[in-house]
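Colleague: Please find structure.cif (mmCIF, C-alpha atoms) on the next line:
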data_model
#
loop_
_atom_site.label_atom_id
_atom_site.label_comp_id
_atom_site.auth_asym_id
_atom_site.auth_seq_id
_atom_site.Cartn_x
_atom_site.Cartn_y
_atom_site.Cartn_z
CA MET G 1 0.00 0.00 0.00
CA ASP G 2 1.01 3.59 -0.42
CA LYS G 3 2.87 4.52 2.75
CA ASN G 4 2.16 8.20 2.24
CA LYS G 5 -1.56 7.89 1.74
CA GLU G 6 -3.41 9.63 4.56
CA LEU G 7 -6.10 7.48 6.09
CA PRO G 8 -9.24 8.90 7.72
CA HIS G 9 -9.36 8.58 11.49
CA CYS G 10 -12.65 6.67 11.44
CA PRO G 11 -12.36 2.95 10.54
CA VAL G 12 -15.62 3.02 8.57
CA ALA G 13 -14.38 6.00 6.53
CA THR G 14 -11.12 4.13 5.89
CA THR G 15 -13.00 1.18 4.42
CA VAL G 16 -15.32 3.49 2.47
CA GLU G 17 -12.27 5.30 1.08
CA LEU G 18 -10.97 2.02 -0.35
CA ILE G 19 -14.09 0.20 -1.49
CA GLY G 20 -17.05 2.54 -0.91
CA SER G 21 -18.23 2.74 -4.48
CA LYS G 22 -20.73 0.82 -6.48
CA TRP G 23 -18.24 -0.47 -9.02
CA LYS G 24 -15.50 -1.44 -6.61
CA LEU G 25 -17.93 -3.48 -4.55
CA ILE G 26 -19.20 -5.24 -7.67
CA ILE G 27 -15.64 -5.88 -8.92
CA LEU G 28 -14.86 -7.41 -5.52
CA ARG G 29 -17.90 -9.63 -5.81
CA GLU G 30 -16.73 -10.81 -9.24
CA LEU G 31 -13.22 -11.61 -8.04
CA LEU G 32 -14.33 -13.45 -4.90
CA SER G 33 -15.16 -16.44 -7.09
CA GLY G 34 -11.67 -16.49 -8.60
CA ARG G 35 -9.35 -14.75 -11.04
CA LYS G 36 -10.89 -13.16 -14.11
CA ARG G 37 -9.73 -11.75 -17.41
CA PHE G 38 -10.63 -8.18 -18.29
CA GLY G 39 -13.29 -9.30 -20.76
CA GLU G 40 -14.82 -11.67 -18.23
CA LEU G 41 -15.05 -8.86 -15.69
CA ARG G 42 -16.66 -6.59 -18.22
CA SER G 43 -19.30 -9.09 -19.24
CA GLY G 44 -19.93 -9.99 -15.60
CA ILE G 45 -20.67 -6.38 -14.68
CA PRO G 46 -23.58 -5.06 -16.74
CA GLY G 47 -23.59 -1.32 -17.28
CA ILE G 48 -19.90 -0.64 -16.66
CA SER G 49 -17.95 1.08 -19.43
CA GLN G 50 -14.46 -0.01 -20.42
CA LYS G 51 -13.02 3.29 -19.18
CA VAL G 52 -14.67 3.10 -15.76
CA LEU G 53 -13.68 -0.55 -15.34
CA ILE G 54 -10.05 0.29 -16.14
CA GLN G 55 -10.07 3.26 -13.72
CA ASN G 56 -11.48 1.19 -10.88
CA LEU G 57 -9.15 -1.76 -11.47
CA ARG G 58 -6.17 0.59 -11.48
CA SER G 59 -7.27 2.27 -8.27
CA MET G 60 -7.82 -1.09 -6.55
CA GLU G 61 -4.42 -2.26 -7.77
CA GLU G 62 -2.80 0.89 -6.30
CA ASP G 63 -4.54 0.16 -3.01
CA ARG G 64 -3.15 -3.41 -3.16
CA ILE G 65 -6.60 -4.95 -3.02
CA ILE G 66 -6.24 -6.68 -6.36
CA GLN G 67 -3.30 -7.88 -8.43
CA ARG G 68 -2.79 -8.16 -12.15
CA GLN G 69 -0.93 -10.89 -13.95
CA VAL G 70 0.16 -10.48 -17.55
CA TYR G 71 0.88 -13.61 -19.58
CA ALA G 72 3.35 -13.27 -22.45
CA GLU G 73 1.01 -14.53 -25.11
CA VAL G 74 -0.17 -13.12 -28.43
CA PRO G 75 -2.55 -11.40 -27.88
CA PRO G 76 -1.41 -10.79 -24.27
CA ARG G 77 -3.61 -12.30 -21.61
CA VAL G 78 -4.23 -10.24 -18.48
CA GLU G 79 -5.83 -11.66 -15.37
CA TYR G 80 -6.99 -9.92 -12.22
CA PHE G 81 -7.27 -11.54 -8.82
CA LEU G 82 -7.69 -10.60 -5.18
CA SER G 83 -4.51 -10.03 -3.18
CA ASP G 84 -4.20 -11.43 0.35
CA LEU G 85 -5.45 -8.04 1.54
CA GLY G 86 -8.34 -8.14 -0.93
CA ASN G 87 -9.33 -11.55 0.34
CA THR G 88 -9.78 -10.11 3.84
CA LEU G 89 -12.69 -8.06 2.41
CA ARG G 90 -14.69 -11.25 1.90
CA PRO G 91 -16.76 -10.85 5.13
CA ILE G 92 -17.96 -7.42 3.97
CA ILE G 93 -19.27 -8.76 0.68
CA ASN G 94 -20.78 -11.77 2.47
CA VAL G 95 -22.73 -9.62 4.91
CA MET G 96 -23.89 -7.42 2.02
CA ALA G 97 -25.08 -10.54 0.19
CA GLU G 98 -26.99 -11.70 3.28
CA TRP G 99 -28.64 -8.31 3.68
CA GLY G 100 -29.50 -8.11 -0.04
CA LEU G 101 -31.15 -11.51 0.12
CA SER G 102 -33.32 -10.54 3.11
CA TYR G 103 -34.23 -7.29 1.39
CA GLN G 104 -35.22 -9.08 -1.83
CA GLU G 105 -37.44 -11.43 0.19
CA LEU G 106 -38.98 -8.46 1.99
CA VAL G 107 -39.73 -6.64 -1.27
CA THR G 108 -41.21 -9.81 -2.75
CA SER G 109 -43.49 -10.27 0.26
CA VAL G 110 -44.61 -6.62 0.07
CA LYS G 111 -45.38 -7.01 -3.64
CA GLN G 112 -47.46 -10.09 -2.91
CA SER G 113 -49.40 -8.51 -0.06
CA MET J 1 -40.21 0.83 -0.36
CA ASP J 2 -41.09 1.51 -3.97
CA LYS J 3 -43.01 -1.54 -5.15
CA ASN J 4 -42.16 -0.82 -8.77
CA LYS J 5 -38.43 -0.44 -8.30
CA GLU J 6 -36.61 -3.20 -10.13
CA LEU J 7 -34.05 -4.96 -7.98
CA PRO J 8 -30.94 -6.59 -9.42
CA HIS J 9 -30.96 -10.38 -9.34
CA CYS J 10 -27.72 -10.56 -7.33
CA PRO J 11 -28.09 -9.90 -3.58
CA VAL J 12 -24.77 -8.01 -3.43
CA ALA J 13 -25.86 -5.76 -6.31
CA THR J 14 -29.16 -5.14 -4.50
CA THR J 15 -27.32 -3.91 -1.42
CA VAL J 16 -24.90 -1.89 -3.53
CA GLU J 17 -27.84 -0.30 -5.34
CA LEU J 18 -29.20 0.96 -2.00
CA ILE J 19 -26.09 1.89 -0.04
CA GLY J 20 -23.10 1.39 -2.33
CA SER J 21 -21.81 4.94 -2.27
CA LYS J 22 -19.30 6.73 -0.15
CA TRP J 23 -21.77 9.24 1.25
CA LYS J 24 -24.61 6.86 1.97
CA LEU J 25 -22.29 4.61 3.93
CA ILE J 26 -21.00 7.56 5.93
CA ILE J 27 -24.55 8.88 6.55
CA LEU J 28 -25.45 5.41 7.84
CA ARG J 29 -22.47 5.48 10.17
CA GLU J 30 -23.59 8.84 11.53
CA LEU J 31 -27.16 7.70 12.14
CA LEU J 32 -26.19 4.42 13.81
CA SER J 33 -25.39 6.40 16.95
CA GLY J 34 -28.82 8.02 17.00
CA ARG J 35 -31.03 10.62 15.36
CA LYS J 36 -29.36 13.73 14.01
CA ARG J 37 -30.39 17.15 12.80
CA PHE J 38 -29.36 18.23 9.30
CA GLY J 39 -26.67 20.54 10.66
CA GLU J 40 -25.27 17.82 12.90
CA LEU J 41 -25.03 15.45 9.96
CA ARG J 42 -23.29 18.06 7.89
CA SER J 43 -20.70 18.85 10.53
CA GLY J 44 -20.19 15.14 11.21
CA ILE J 45 -19.38 14.44 7.57
CA PRO J 46 -16.37 16.50 6.49
CA GLY J 47 -16.25 17.26 2.78
CA ILE J 48 -19.92 16.80 1.97
CA SER J 49 -21.76 19.72 0.37
CA GLN J 50 -25.24 20.74 1.43
CA LYS J 51 -26.61 19.75 -1.98
CA VAL J 52 -25.07 16.29 -1.98
CA LEU J 53 -26.16 15.65 1.61
CA ILE J 54 -29.75 16.62 0.73
CA GLN J 55 -29.70 14.40 -2.38
CA ASN J 56 -28.43 11.39 -0.47
CA LEU J 57 -30.83 11.87 2.44
CA ARG J 58 -33.73 12.12 0.01
CA SER J 59 -32.67 8.98 -1.84
CA MET J 60 -32.28 7.04 1.42
CA GLU J 61 -35.67 8.29 2.56
CA GLU J 62 -37.23 7.08 -0.71
CA ASP J 63 -35.60 3.69 -0.16
CA ARG J 64 -37.10 3.64 3.38
CA ILE J 65 -33.71 3.32 5.01
CA ILE J 66 -34.02 6.56 6.93
CA GLN J 67 -36.94 8.62 8.18
CA ARG J 68 -37.35 12.33 8.67
CA GLN J 69 -39.25 14.01 11.46
CA VAL J 70 -40.22 17.67 11.26
CA TYR J 71 -40.98 19.51 14.49
CA ALA J 72 -43.37 22.46 14.25
CA GLU J 73 -40.99 24.97 15.73
CA VAL J 74 -39.68 28.31 14.55
CA PRO J 75 -37.27 27.80 12.86
CA PRO J 76 -38.50 24.30 12.00
CA ARG J 77 -36.40 21.49 13.43
CA VAL J 78 -35.80 18.47 11.20
CA GLU J 79 -34.33 15.24 12.47
CA TYR J 80 -33.21 12.17 10.57
CA PHE J 81 -33.08 8.67 11.97
CA LEU J 82 -32.72 5.07 10.82
CA SER J 83 -35.93 3.22 10.02
CA ASP J 84 -36.37 -0.38 11.18
CA LEU J 85 -35.05 -1.39 7.76
CA GLY J 86 -32.10 0.99 8.10
CA ASN J 87 -31.25 -0.54 11.44
CA THR J 88 -30.85 -3.93 9.80
CA LEU J 89 -27.86 -2.48 7.91
CA ARG J 90 -25.92 -2.23 11.18
CA PRO J 91 -23.93 -5.49 10.63
CA ILE J 92 -22.62 -4.15 7.30
CA ILE J 93 -21.25 -0.99 8.90
CA ASN J 94 -19.88 -3.01 11.82
CA VAL J 95 -17.93 -5.36 9.58
CA MET J 96 -16.63 -2.37 7.59
CA ALA J 97 -15.49 -0.78 10.86
CA GLU J 98 -13.69 -3.98 11.87
CA TRP J 99 -11.95 -4.22 8.52
CA GLY J 100 -11.00 -0.52 8.57
CA LEU J 101 -9.44 -0.95 12.01
CA SER J 102 -7.34 -3.93 10.90
CA TYR J 103 -6.28 -2.03 7.80
CA GLN J 104 -5.26 1.03 9.83
CA GLU J 105 -3.17 -1.21 12.10
CA LEU J 106 -1.57 -2.85 9.07
CA VAL J 107 -0.70 0.50 7.49
CA THR J 108 0.72 1.73 10.80
CA SER J 109 2.91 -1.37 11.14
CA VAL J 110 4.16 -0.97 7.54
CA LYS J 111 5.00 2.67 8.20
CA GLN J 112 6.95 1.71 11.32
CA SER J 113 8.90 -1.09 9.65
#
Could you quickly redo this structure as structure tokens?
Modeller:
Amino acid sequence: MDKNKELPHCPVATTVELIGSKWKLIILRELLSGRKRFGELRSGIPGISQKVLIQNLRSMEEDRIIQRQVYAEVPPRVEYFLSDLGNTLRPIINVMAEWGLSYQELVTSVKQS
Amino acid sequence: MDKNKELPHCPVATTVELIGSKWKLIILRELLSGRKRFGELRSGIPGISQKVLIQNLRSMEEDRIIQRQVYAEVPPRVEYFLSDLGNTLRPIINVMAEWGLSYQELVTSVKQS
């Protein structure tokens, strides 16, 4: 990680600073199931543009949450995967998944009532 | 909640849709400790503009995560607080706080090494 990066005092704000955006959270979700190529990420994340995906991947790489591996092939193959640090974010995505599931069930029950 | 709002199929995306933004997560953090007036929220969230705070509060109110109470005083007093649904988001903020704390400790140990 960048030694000179100033972190907020509050732990929640620290986490939000690193992954508190729609796309970063969705990229995390995608990579929790294993390493992915750029094209796989793009097709797994509906609505994201190539530019925004690149920006977010770069930012997450700078923050050492994800890593990139380039294979010397023609055309070059690039794969992204969670670093050890990135893997520690798993409980956050899991608890968001649990909440989302309960919310979906709630909305479904309201629609049916 | 809005019965006609389309939810994403994925539970993580559902949660991200509702609270996957820097400011919404920080507003949640602020309201977890109790109801707050608009001015208190603004001073508790450094860097947020009045316009952006209003927009996010309105969006969270529409999603039934927070509620607003207006007291008939002069000048009118307005307080925001978590709804029952909003309170169920507590575990997400808690796990983000835990992760942020570990990350801060990690960064501190790297700086010292």
Colleague: Residues at most 8 Å from Met96 of chain J, counting only C-alpha atoms, excluding those fewer than 2 positions away in the same chain, as number ranges by chain?
Modeller: G: 11-12, 15-16, 92; J: 92-94, 98-100
Colleague: With only C-alpha atoms as the counted atoms, please give the residues lying no more than 7 Å from Ser21 of chain J, apart from itself and same-chain residues fewer than 4 positions off, as a ChimeraX atom specification.
Modeller: /G:20-22 /J:25
Colleague: May I ask for the distance between atom CA of Leu82 of chain J and atom CA of Arg35 of chain J, given in Å to one decimal place?
Modeller: 7.4 Å
Colleague: Any idea which chain G residues end up within 10 Å of chain J if we count all atoms listed in the file, as a PyMOL selection string please?
Modeller: chain G and resi 1-26+29+45+85+88-89+91-104+106-108+110-112
Colleague: For this file, the PyMOL selection byres ((chain J and resi 77-79) around 10) selects which residues, as a ChimeraX atom specification?
Modeller: /J:35-41,67-76,80-81
Colleague: What gap, in Å, lies between atom CA of Gly34 of chain J and atom CA of Ser49 of chain J?
Modeller: 21.5 Å
Colleague: Between atom CA of Met60 of chain J and atom CA of Leu28 of chain J, what is the distance, to one decimal in Å?
Modeller: 9.5 Å
Colleague: Take the PyMOL selection byres ((chain G and resi 65) around 6), run it mentally on this structure, and tell me the resulting residues as a list in words.
Modeller: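 Applied to this file, the PyMOL selection byres ((chain G and resi 65) around 6) returns Met60, Glu61, Asp63, Arg64, Ile66, Ser83, Leu85 and Gly86 of chain G.
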Colleague: Taking all atoms listed in the file into account, which of G:Arg90, G:Asp84, G:Lys51, G:Glu62 comes nearest Glu30 of chain G?
Modeller: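 Of the candidates, the smallest distance to Glu30 of chain G is held by G:Arg90.
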Colleague: Mind rebuilding segment 64-84 of chain J with N, CA and C atoms and writing that out as a PDB file, keeping the file's coordinate frame?
Modeller:
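To be explicit, this is the file written out as result.pdb:
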ATOM      1  N   ARG J  64     -36.605   4.029   2.035  1.00  0.00           N
ATOM      2  CA  ARG J  64     -37.100   3.640   3.380  1.00  0.00           C
ATOM      3  C   ARG J  64     -36.008   3.182   4.335  1.00  0.00           C
ATOM      4  N   ILE J  65     -34.806   3.663   4.103  1.00  0.00           N
ATOM      5  CA  ILE J  65     -33.710   3.320   5.010  1.00  0.00           C
ATOM      6  C   ILE J  65     -33.664   4.301   6.170  1.00  0.00           C
ATOM      7  N   ILE J  66     -33.965   5.552   5.867  1.00  0.00           N
ATOM      8  CA  ILE J  66     -34.020   6.560   6.930  1.00  0.00           C
ATOM      9  C   ILE J  66     -35.403   7.214   6.940  1.00  0.00           C
ATOM     10  N   GLN J  67     -35.691   7.871   8.058  1.00  0.00           N
ATOM     11  CA  GLN J  67     -36.940   8.620   8.180  1.00  0.00           C
ATOM     12  C   GLN J  67     -36.619  10.029   8.649  1.00  0.00           C
ATOM     13  N   ARG J  68     -37.545  10.916   8.366  1.00  0.00           N
ATOM     14  CA  ARG J  68     -37.350  12.330   8.670  1.00  0.00           C
ATOM     15  C   ARG J  68     -38.501  12.757   9.570  1.00  0.00           C
ATOM     16  N   GLN J  69     -38.192  13.502  10.602  1.00  0.00           N
ATOM     17  CA  GLN J  69     -39.250  14.010  11.460  1.00  0.00           C
ATOM     18  C   GLN J  69     -39.121  15.535  11.538  1.00  0.00           C
ATOM     19  N   VAL J  70     -40.232  16.207  11.245  1.00  0.00           N
ATOM     20  CA  VAL J  70     -40.220  17.670  11.260  1.00  0.00           C
ATOM     21  C   VAL J  70     -40.986  18.150  12.489  1.00  0.00           C
ATOM     22  N   TYR J  71     -40.343  18.959  13.298  1.00  0.00           N
ATOM     23  CA  TYR J  71     -40.980  19.510  14.490  1.00  0.00           C
ATOM     24  C   TYR J  71     -41.500  20.902  14.174  1.00  0.00           C
ATOM     25  N   ALA J  72     -42.749  21.162  14.554  1.00  0.00           N
ATOM     26  CA  ALA J  72     -43.370  22.460  14.250  1.00  0.00           C
ATOM     27  C   ALA J  72     -42.835  23.528  15.195  1.00  0.00           C
ATOM     28  N   GLU J  73     -41.623  23.930  14.937  1.00  0.00           N
ATOM     29  CA  GLU J  73     -40.990  24.970  15.730  1.00  0.00           C
ATOM     30  C   GLU J  73     -40.584  26.092  14.793  1.00  0.00           C
ATOM     31  N   VAL J  74     -40.211  27.230  15.378  1.00  0.00           N
ATOM     32  CA  VAL J  74     -39.680  28.310  14.550  1.00  0.00           C
ATOM     33  C   VAL J  74     -38.266  28.630  15.038  1.00  0.00           C
ATOM     34  N   PRO J  75     -37.224  28.435  14.194  1.00  0.00           N
ATOM     35  CA  PRO J  75     -37.270  27.800  12.860  1.00  0.00           C
ATOM     36  C   PRO J  75     -37.556  26.314  12.975  1.00  0.00           C
ATOM     37  N   PRO J  76     -38.141  25.709  11.916  1.00  0.00           N
ATOM     38  CA  PRO J  76     -38.500  24.300  12.000  1.00  0.00           C
ATOM     39  C   PRO J  76     -37.280  23.416  12.279  1.00  0.00           C
ATOM     40  N   ARG J  77     -37.473  22.415  13.121  1.00  0.00           N
ATOM     41  CA  ARG J  77     -36.400  21.490  13.430  1.00  0.00           C
ATOM     42  C   ARG J  77     -36.664  20.200  12.665  1.00  0.00           C
ATOM     43  N   VAL J  78     -35.660  19.702  11.980  1.00  0.00           N
ATOM     44  CA  VAL J  78     -35.800  18.470  11.200  1.00  0.00           C
ATOM     45  C   VAL J  78     -34.784  17.456  11.704  1.00  0.00           C
ATOM     46  N   GLU J  79     -35.244  16.285  12.013  1.00  0.00           N
ATOM     47  CA  GLU J  79     -34.330  15.240  12.470  1.00  0.00           C
ATOM     48  C   GLU J  79     -34.423  14.017  11.572  1.00  0.00           C
ATOM     49  N   TYR J  80     -33.277  13.395  11.374  1.00  0.00           N
ATOM     50  CA  TYR J  80     -33.210  12.170  10.570  1.00  0.00           C
ATOM     51  C   TYR J  80     -32.837  11.001  11.465  1.00  0.00           C
ATOM     52  N   PHE J  81     -33.432   9.861  11.192  1.00  0.00           N
ATOM     53  CA  PHE J  81     -33.080   8.670  11.970  1.00  0.00           C
ATOM     54  C   PHE J  81     -33.263   7.407  11.122  1.00  0.00           C
ATOM     55  N   LEU J  82     -32.624   6.338  11.548  1.00  0.00           N
ATOM     56  CA  LEU J  82     -32.720   5.070  10.820  1.00  0.00           C
ATOM     57  C   LEU J  82     -34.106   4.468  11.007  1.00  0.00           C
ATOM     58  N   SER J  83     -34.682   3.977   9.928  1.00  0.00           N
ATOM     59  CA  SER J  83     -35.930   3.220  10.020  1.00  0.00           C
ATOM     60  C   SER J  83     -35.603   1.817  10.552  1.00  0.00           C
ATOM     61  N   ASP J  84     -36.628   1.006  10.771  1.00  0.00           N
ATOM     62  CA  ASP J  84     -36.370  -0.380  11.180  1.00  0.00           C
ATOM     63  C   ASP J  84     -35.515  -1.079  10.113  1.00  0.00           C
TER      64      ASP J  84
END
